[in-house]
$ cat structure.cif   # mmCIF, C-alpha atoms and all ligand atoms
data_entry
loop_
_atom_site.label_atom_id
_atom_site.label_comp_id
_atom_site.auth_asym_id
_atom_site.auth_seq_id
_atom_site.Cartn_x
_atom_site.Cartn_y
_atom_site.Cartn_z
CA MET Q 1 89.42 -48.54 13.06
CA LEU Q 2 88.09 -51.60 14.81
CA SER Q 3 84.94 -49.91 16.03
CA GLY Q 4 84.40 -48.37 12.57
CA ALA Q 5 84.59 -51.78 10.91
CA PHE Q 6 82.25 -53.24 13.51
CA TYR Q 7 79.82 -50.40 12.99
CA SER Q 8 79.64 -50.79 9.22
CA ALA Q 9 79.20 -54.59 9.47
CA PHE Q 10 76.36 -54.06 11.94
CA PHE Q 11 74.88 -51.38 9.72
CA LEU Q 12 74.89 -53.66 6.68
CA GLU Q 13 73.20 -56.48 8.56
CA GLN Q 14 70.43 -54.12 9.65
CA GLU Q 15 69.93 -52.91 6.13
CA MET Q 16 69.85 -56.35 4.58
CA THR Q 17 67.04 -57.23 6.98
CA ASP Q 18 65.17 -54.11 5.91
CA THR Q 19 65.58 -54.89 2.24
CA SER Q 20 64.30 -58.44 2.60
CA MET Q 21 61.21 -57.11 4.37
CA GLN Q 22 60.43 -54.83 1.42
CA SER Q 23 61.64 -56.96 -1.44
CA ASP Q 24 60.08 -55.32 -4.49
CA LEU Q 25 59.78 -51.64 -3.92
CA LEU Q 26 60.01 -48.38 -5.80
CA GLN Q 27 60.71 -45.29 -3.70
CA ARG Q 28 60.26 -41.77 -5.09
CA PHE Q 29 62.09 -38.84 -3.53
CA ILE Q 30 62.51 -35.10 -3.99
CA PHE Q 31 64.76 -32.39 -2.65
CA ASP Q 32 63.40 -29.47 -0.66
CA ASP Q 33 65.54 -26.79 -2.27
CA VAL Q 34 66.49 -28.23 -5.65
CA PRO Q 35 64.15 -28.96 -8.64
CA VAL Q 36 65.32 -32.55 -9.09
CA ARG Q 37 63.23 -35.70 -8.74
CA GLY Q 38 64.56 -39.11 -7.89
CA GLU Q 39 63.58 -42.75 -7.70
CA TRP Q 40 65.14 -45.83 -6.16
CA VAL Q 41 64.09 -49.38 -6.97
CA HIS Q 42 64.82 -52.85 -5.59
CA LEU Q 43 63.40 -56.00 -7.19
CA THR Q 44 63.95 -59.35 -5.52
CA ASP Q 45 60.91 -61.64 -5.86
CA SER Q 46 59.98 -60.43 -9.34
CA TRP Q 47 63.61 -60.87 -10.46
CA GLN Q 48 63.63 -64.41 -9.07
CA GLN Q 49 60.43 -65.14 -10.99
CA VAL Q 50 62.11 -64.05 -14.24
CA LEU Q 51 65.27 -66.07 -13.53
CA ALA Q 52 63.26 -69.18 -12.57
CA ARG Q 53 61.78 -69.34 -16.07
CA ARG Q 54 64.96 -69.48 -18.17
CA ASN Q 55 68.68 -70.07 -17.72
CA TYR Q 56 70.42 -66.95 -18.94
CA PRO Q 57 74.17 -66.67 -19.58
CA PRO Q 58 75.56 -64.24 -16.92
CA ALA Q 59 76.15 -61.35 -19.35
CA ILE Q 60 72.58 -61.56 -20.68
CA GLN Q 61 71.21 -61.94 -17.15
CA GLN Q 62 72.98 -58.73 -16.18
CA LEU Q 63 71.56 -56.80 -19.13
CA LEU Q 64 68.05 -58.17 -18.53
CA GLY Q 65 68.22 -57.31 -14.83
CA GLU Q 66 69.36 -53.77 -15.55
CA MET Q 67 66.57 -53.39 -18.13
CA MET Q 68 64.05 -54.59 -15.54
CA ALA Q 69 65.18 -52.03 -12.96
CA ALA Q 70 65.17 -49.35 -15.69
CA ALA Q 71 61.62 -50.25 -16.79
CA ALA Q 72 60.35 -49.87 -13.22
CA LEU Q 73 62.12 -46.51 -12.86
CA LEU Q 74 60.83 -45.18 -16.19
CA ALA Q 75 57.27 -46.43 -15.67
CA ALA Q 76 57.17 -44.48 -12.40
CA THR Q 77 57.95 -41.25 -14.27
CA VAL Q 78 54.85 -41.52 -16.49
CA LYS Q 79 51.51 -41.16 -14.78
CA ILE Q 80 49.30 -43.22 -17.06
CA LYS Q 81 46.97 -46.21 -16.92
CA GLY Q 82 48.60 -48.70 -19.23
CA ARG Q 83 52.08 -50.08 -19.67
CA LEU Q 84 55.64 -49.16 -20.48
CA VAL Q 85 57.75 -51.56 -22.52
CA LEU Q 86 61.51 -51.45 -23.03
CA GLN Q 87 62.56 -53.50 -26.04
CA ILE Q 88 65.98 -54.23 -27.50
CA LYS Q 89 66.01 -55.46 -31.09
CA SER Q 90 69.47 -56.26 -32.32
CA VAL Q 91 71.48 -58.47 -34.66
CA GLY Q 92 72.83 -60.70 -31.90
CA PRO Q 93 73.90 -62.67 -29.98
CA VAL Q 94 70.97 -60.99 -28.14
CA THR Q 95 68.24 -60.66 -30.76
CA LEU Q 96 65.30 -59.58 -28.62
CA MET Q 97 64.83 -58.43 -25.06
CA MET Q 98 61.55 -57.17 -23.64
CA VAL Q 99 60.62 -55.83 -20.24
CA GLU Q 100 57.14 -54.60 -19.37
CA CYS Q 101 56.02 -52.61 -16.36
CA THR Q 102 52.31 -51.87 -16.01
CA SER Q 103 50.40 -49.21 -14.09
CA LYS Q 104 49.18 -52.09 -11.87
CA ASN Q 105 52.83 -52.26 -10.74
CA THR Q 106 53.49 -55.63 -12.35
CA LEU Q 107 56.63 -56.57 -14.24
CA ARG Q 108 57.61 -59.30 -16.69
CA ALA Q 109 60.72 -59.80 -18.82
CA PHE Q 110 62.54 -62.16 -21.17
CA ALA Q 111 65.50 -62.26 -23.57
CA GLN Q 112 66.19 -64.28 -26.71
CA TRP Q 113 69.68 -64.95 -28.00
CA ASP Q 114 71.68 -67.14 -30.38
CA GLY Q 115 74.80 -69.12 -29.61
CA ASP Q 116 77.23 -68.98 -26.72
CA VAL Q 117 77.88 -65.78 -24.82
CA ALA Q 118 81.07 -65.29 -22.81
CA ASP Q 119 80.88 -63.87 -19.28
CA ASN Q 120 81.48 -60.11 -19.04
CA THR Q 121 80.63 -59.50 -22.70
CA ALA Q 122 80.23 -55.74 -23.21
CA LEU Q 123 76.83 -54.30 -24.17
CA LEU Q 124 77.57 -53.71 -27.84
CA ASP Q 125 79.27 -57.11 -28.25
CA LEU Q 126 76.19 -58.64 -26.68
CA THR Q 127 73.72 -56.94 -28.99
CA GLY Q 128 75.58 -55.94 -32.16
CA ASP Q 129 73.84 -53.14 -34.05
CA GLY Q 130 70.44 -52.51 -32.65
CA THR Q 131 67.93 -50.22 -31.02
CA LEU Q 132 66.23 -49.70 -27.71
CA ALA Q 133 62.57 -48.75 -28.04
CA ILE Q 134 60.60 -47.19 -25.21
CA THR Q 135 56.89 -47.73 -25.78
CA ILE Q 136 54.16 -46.25 -23.62
CA GLU Q 137 50.67 -47.64 -24.19
CA VAL Q 138 47.82 -45.81 -22.55
CA ASN Q 139 44.71 -47.98 -22.05
CA GLY Q 140 42.09 -47.02 -24.62
CA ALA Q 141 44.43 -44.85 -26.72
CA LYS Q 142 44.66 -45.73 -30.42
CA GLN Q 143 48.39 -45.10 -30.91
CA PRO Q 144 51.12 -45.87 -28.42
CA TYR Q 145 53.93 -43.38 -27.85
CA GLN Q 146 57.26 -44.76 -28.98
CA GLY Q 147 60.78 -43.38 -28.71
CA VAL Q 148 63.68 -45.24 -30.30
CA VAL Q 149 67.37 -44.75 -29.62
CA SER Q 150 70.27 -46.66 -31.15
CA LEU Q 151 72.34 -48.84 -28.83
CA GLN Q 152 75.56 -47.05 -27.94
CA GLY Q 153 77.84 -46.61 -24.95
CA ASN Q 154 78.88 -49.13 -22.34
CA SER Q 155 75.62 -49.82 -20.55
CA ILE Q 156 71.87 -49.58 -20.78
CA SER Q 157 71.97 -46.55 -18.45
CA ASP Q 158 74.20 -44.76 -21.02
CA VAL Q 159 71.64 -45.53 -23.73
CA LEU Q 160 68.75 -44.26 -21.60
CA GLU Q 161 70.57 -41.08 -20.61
CA VAL Q 162 71.07 -40.29 -24.31
CA TYR Q 163 67.39 -41.02 -24.92
CA PHE Q 164 66.29 -38.53 -22.23
CA GLN Q 165 68.72 -35.92 -23.49
CA GLN Q 166 67.38 -36.24 -27.05
CA SER Q 167 63.67 -36.69 -26.39
CA GLU Q 168 62.88 -34.70 -23.27
CA GLN Q 169 65.93 -32.45 -23.02
CA LEU Q 170 65.89 -33.08 -19.31
CA LYS Q 171 69.16 -33.92 -17.63
CA THR Q 172 68.82 -37.47 -16.36
CA ARG Q 173 71.21 -39.88 -14.66
CA ILE Q 174 70.53 -43.57 -14.08
CA TRP Q 175 72.56 -46.13 -12.11
CA LEU Q 176 71.67 -49.83 -12.39
CA ALA Q 177 73.01 -52.96 -10.72
CA GLU Q 178 72.17 -56.65 -10.74
CA ASN Q 179 73.16 -59.91 -9.06
CA ASP Q 180 71.55 -63.36 -8.71
CA ASN Q 181 69.29 -62.13 -5.91
CA VAL Q 182 68.29 -58.59 -6.66
CA VAL Q 183 68.24 -55.85 -9.30
CA ALA Q 184 68.46 -52.24 -8.22
CA GLY Q 185 68.41 -48.78 -9.70
CA LEU Q 186 68.72 -45.11 -8.91
CA PHE Q 187 67.25 -42.36 -11.11
CA LEU Q 188 67.71 -38.59 -10.98
CA GLN Q 189 66.08 -36.06 -13.27
CA GLN Q 190 66.24 -32.30 -13.45
CA LEU Q 191 62.71 -30.86 -13.34
CA PRO Q 192 61.72 -28.06 -15.70
CA ASP Q 193 61.98 -24.97 -13.51
CA GLU Q 194 62.79 -21.35 -14.24
CA HIS Q 195 64.99 -21.25 -11.14
CA GLN Q 196 67.00 -24.22 -12.31
CA ASP Q 197 70.56 -23.87 -11.15
CA GLU Q 198 73.12 -25.92 -13.06
CA GLU Q 199 75.35 -25.97 -10.02
CA ASP Q 200 72.60 -27.62 -7.94
CA TRP Q 201 72.14 -30.32 -10.55
CA SER Q 202 75.82 -30.94 -10.79
CA THR Q 203 76.17 -31.19 -6.98
CA ILE Q 204 73.30 -33.67 -6.67
CA SER Q 205 74.36 -35.78 -9.65
CA GLN Q 206 78.00 -35.89 -8.55
CA LEU Q 207 76.99 -37.01 -5.07
CA ALA Q 208 74.77 -39.71 -6.58
CA ALA Q 209 77.58 -40.80 -8.91
CA THR Q 210 79.59 -41.94 -5.89
CA VAL Q 211 77.10 -44.81 -5.44
CA THR Q 212 78.63 -48.27 -5.79
CA ALA Q 213 76.91 -51.36 -7.18
CA ASN Q 214 77.14 -52.98 -3.73
CA GLU Q 215 75.47 -50.00 -2.08
CA LEU Q 216 72.67 -50.09 -4.65
CA LEU Q 217 72.14 -53.82 -4.19
CA GLU Q 218 72.48 -54.03 -0.42
CA LEU Q 219 71.14 -50.85 1.15
CA GLY Q 220 67.54 -49.81 1.71
CA ALA Q 221 66.34 -46.53 0.17
CA ASP Q 222 66.49 -44.46 3.35
CA THR Q 223 70.02 -45.53 4.28
CA LEU Q 224 71.38 -45.14 0.76
CA LEU Q 225 69.82 -41.71 0.23
CA TYR Q 226 71.00 -40.51 3.59
CA ARG Q 227 74.49 -41.71 2.77
CA LEU Q 228 74.50 -39.95 -0.62
CA PHE Q 229 72.62 -36.76 0.24
CA SER Q 230 73.10 -36.22 3.96
CA GLU Q 231 73.23 -32.43 3.55
CA GLN Q 232 70.63 -32.03 0.81
CA GLN Q 233 67.19 -32.13 2.53
CA CYS Q 234 66.10 -35.19 0.59
CA ARG Q 235 62.46 -36.15 1.23
CA LEU Q 236 61.01 -39.63 0.66
CA LEU Q 237 57.56 -39.77 -0.97
CA ALA Q 238 55.20 -42.77 -0.92
CA ALA Q 239 56.72 -46.11 -1.91
CA THR Q 240 55.13 -48.50 -4.41
CA GLU Q 241 55.21 -52.29 -4.19
CA LEU Q 242 55.90 -54.16 -7.41
CA SER Q 243 55.42 -57.81 -8.37
CA PHE Q 244 55.88 -60.25 -11.24
CA ALA Q 245 52.77 -61.02 -13.28
CA CYS Q 246 52.03 -62.26 -16.77
CA ASN Q 247 48.66 -61.56 -18.37
CA CYS Q 248 48.88 -64.24 -21.05
CA SER Q 249 45.81 -66.50 -21.25
CA ARG Q 250 44.25 -69.19 -23.42
CA ASP Q 251 41.80 -66.61 -24.78
CA ARG Q 252 44.65 -64.31 -25.88
CA VAL Q 253 46.42 -67.20 -27.59
CA ALA Q 254 43.14 -68.14 -29.32
CA THR Q 255 42.91 -64.54 -30.57
CA SER Q 256 46.43 -64.70 -32.00
CA ILE Q 257 45.61 -68.01 -33.73
CA SER Q 258 42.57 -66.32 -35.28
CA PHE Q 259 44.87 -63.52 -36.56
CA LEU Q 260 46.88 -66.20 -38.41
CA GLY Q 261 43.82 -66.91 -40.57
CA LYS Q 262 42.16 -70.28 -41.07
CA LYS Q 263 44.40 -71.37 -43.94
CA ASP Q 264 47.70 -70.80 -42.09
CA ALA Q 265 46.30 -72.37 -38.93
CA ASP Q 266 45.20 -75.46 -40.90
CA ASP Q 267 48.65 -75.66 -42.55
CA LEU Q 268 50.28 -75.62 -39.10
CA LEU Q 269 47.92 -78.35 -37.91
CA LYS Q 270 48.83 -80.50 -40.92
CA GLU Q 271 52.55 -79.99 -40.24
CA GLN Q 272 52.56 -80.42 -36.48
CA GLY Q 273 49.33 -82.17 -35.54
CA SER Q 274 48.49 -79.41 -33.05
CA ILE Q 275 49.32 -75.76 -32.44
CA GLU Q 276 51.58 -75.21 -29.49
CA VAL Q 277 52.27 -71.71 -28.21
CA THR Q 278 54.66 -70.87 -25.40
CA CYS Q 279 54.50 -67.50 -23.64
CA GLU Q 280 58.01 -66.03 -23.78
CA PHE Q 281 57.44 -64.06 -20.59
CA CYS Q 282 56.24 -66.83 -18.26
CA ASN Q 283 56.91 -70.09 -20.16
CA GLU Q 284 53.26 -71.14 -19.95
CA HIS Q 285 52.47 -73.69 -22.71
CA TYR Q 286 49.18 -73.60 -24.58
CA TYR Q 287 48.08 -76.51 -26.82
CA PHE Q 288 45.31 -76.36 -29.40
CA ASP Q 289 44.30 -79.58 -31.17
CA ASN Q 290 42.24 -79.85 -34.41
CA ILE Q 291 38.92 -79.47 -32.67
CA GLU Q 292 40.08 -76.54 -30.51
CA VAL Q 293 41.51 -74.69 -33.52
CA ALA Q 294 38.27 -75.26 -35.45
CA GLN Q 295 36.43 -73.86 -32.43
CA VAL Q 296 38.57 -70.68 -32.57
CA PHE Q 297 37.35 -69.98 -36.10
CA VAL Q 298 33.72 -70.89 -35.34
CA GLU Q 299 33.78 -68.42 -32.44
CA GLU Q 300 35.44 -65.83 -34.66
CA LYS Q 301 32.64 -66.25 -37.24
CA VAL Q 302 29.98 -65.81 -34.55
CA ILE Q 303 31.69 -62.66 -33.29
CA SER Q 304 32.08 -61.15 -36.76
CA SER Q 305 28.49 -62.00 -37.79
CA ASN Q 306 27.25 -60.43 -34.55
CA SER Q 307 29.20 -57.28 -35.26
CA GLU Q 308 27.80 -57.19 -38.79
CA THR Q 309 24.31 -57.35 -37.33
CA LEU Q 310 25.17 -54.43 -35.09
CA HIS Q 311 26.28 -52.34 -38.06
ZN ZN P 401 52.71 -65.56 -19.88
#

$ encode --input "structure.cif" --output "structure tokens" --more "lines below"
Ligand SMILES: [Zn+2]
Amino acid sequence: MLSGAFYSAFFLEQEMTDTSMQSDLLQRFIFDDVPVRGEWVHLTDSWQQVLARRNYPPAIQQLLGEMMAAAALLAATVKIKGRLVLQIKSVGPVTLMMVECTSKNTLRAFAQWDGDVADNTALLDLTGDGTLAITIEVNGAKQPYQGVVSLQGNSISDVLEVYFQQSEQLKTRIWLAENDNVVAGLFLQQLPDEHQDEEDWSTISQLAATVTANELLELGADTLLYRLFSEQQCRLLAATELSFACNCSRDRVATSISFLGKKDADDLLKEQGSIEVTCEFCNEHYYFDNIEVAQVFVEEKVISSNSETLH
């Protein structure tokens, strides 16, 4: 007993060192004999970057963290140049939650909510009626792909499993965990295969279902997968590093001011003296005074007259 306890404490210490060395990492894996693909993700630095920008009540922090791990897992299943966005729109207290993961392996996330939120509030009490939209934008494509599923079940992984069942008809299981330091996730999906054996899927998914939140949060991919699938010939593929990044800029804000139209922009200037825009993702503040707003519309005119010349 004593030596066993010593061994597991030693083991954990080793693993925590490993995890801190590879703080934001997505690891894909496959099985030699079973048509199932898997992914494991750990986000530490990027999660800290999100938490540093806003104080979230614990229940909302947990949901946001799980959404962030889920976005990284889902983005890794689509091989595109572009971005994947998970968005909750709901009646509240949480009214909006957005997480983006790009093909440049960057992540950003925020949540908006009204009023006080008690700790341990369940998913549907946190959101009320609402939907989760999964949007995939491919660079250069005219229309994004969007799948929408209503919020139901006890967790965001329940909602996503229903989404995969409905949209792709591929059996999918997702486990997500979050604490103040790290968010983590594990993803398994049955691959379309004529030799698909339901028993294989059920063995693999039942083994994975023994994973605990602590194991997800504390163990590195190799240790966790070995622990779960020691007899399954699980093979690790290349790992991907992820990081926090926001692509907001003064130019993009200027473009959105131009979309308002000159009249609305002038009305705002009259009301507030300047136009102030804050990026929800990174909290960057952008100020435009009278002269700078006028400049936006002068530049817009130049651009549109140039494009008229071209036509
Ligand atoms: Zn930003």

$ residues_around --input "structure.cif" --residues "Q:Thr255" --least-positions-apart "4" --cutoff "10 Å" --atoms "all atoms listed in the file" --output "PyMOL selection string"
chain Q and resi 249-251+259-260+296-297+300

$ closest_residue --input "structure.cif" --among "Q:Leu132, Q:Phe281, Q:Asp266, Q:Gly153" --to "Q:Gln112" --atoms "all atoms listed in the file"
Q:Phe281

$ closest_residue --input "structure.cif" --among "Q:Cys248, Q:Val277, Q:Leu160, Q:Ala208" --to "ligand ZN 401 (chain P)" --atoms "all atoms listed in the file"
Q:Cys248

$ closest_residue --input "structure.cif" --among "Q:Ala254, Q:Cys246, Q:Ala238, Q:Ala76" --to "Q:Cys282" --atoms "all atoms listed in the file"
Q:Cys246

$ closest_residue --input "structure.cif" --among "Q:Leu237, Q:Gln49, Q:Glu299, Q:Asp129" --to "ligand ZN 401 (chain P)" --atoms "only C-alpha atoms and all ligand atoms"
Q:Gln49

$ closest_residue --input "structure.cif" --among "Q:Ile60, Q:Leu43, Q:Ala141, Q:Val162" --to "Q:Gly185" --atoms "only C-alpha atoms"
Q:Leu43

$ residues_around --input "structure.cif" --residues "Q:Gly128" --least-positions-apart "6" --cutoff "7 Å" --atoms "only C-alpha atoms" --output "PDB file with C-alpha atoms, keeping the file's coordinate frame"
ATOM      1  CA  SER Q  90      69.470 -56.260 -32.320  1.00  0.00           C
ATOM      2  CA  VAL Q  91      71.480 -58.470 -34.660  1.00  0.00           C
ATOM      3  CA  GLY Q  92      72.830 -60.700 -31.900  1.00  0.00           C
TER       4      GLY Q  92
END

$ atom_distance --input "structure.cif" --atom1 "atom CA of Q:Lys270" --atom2 "atom CA of Q:Asn283"
24.6 Å
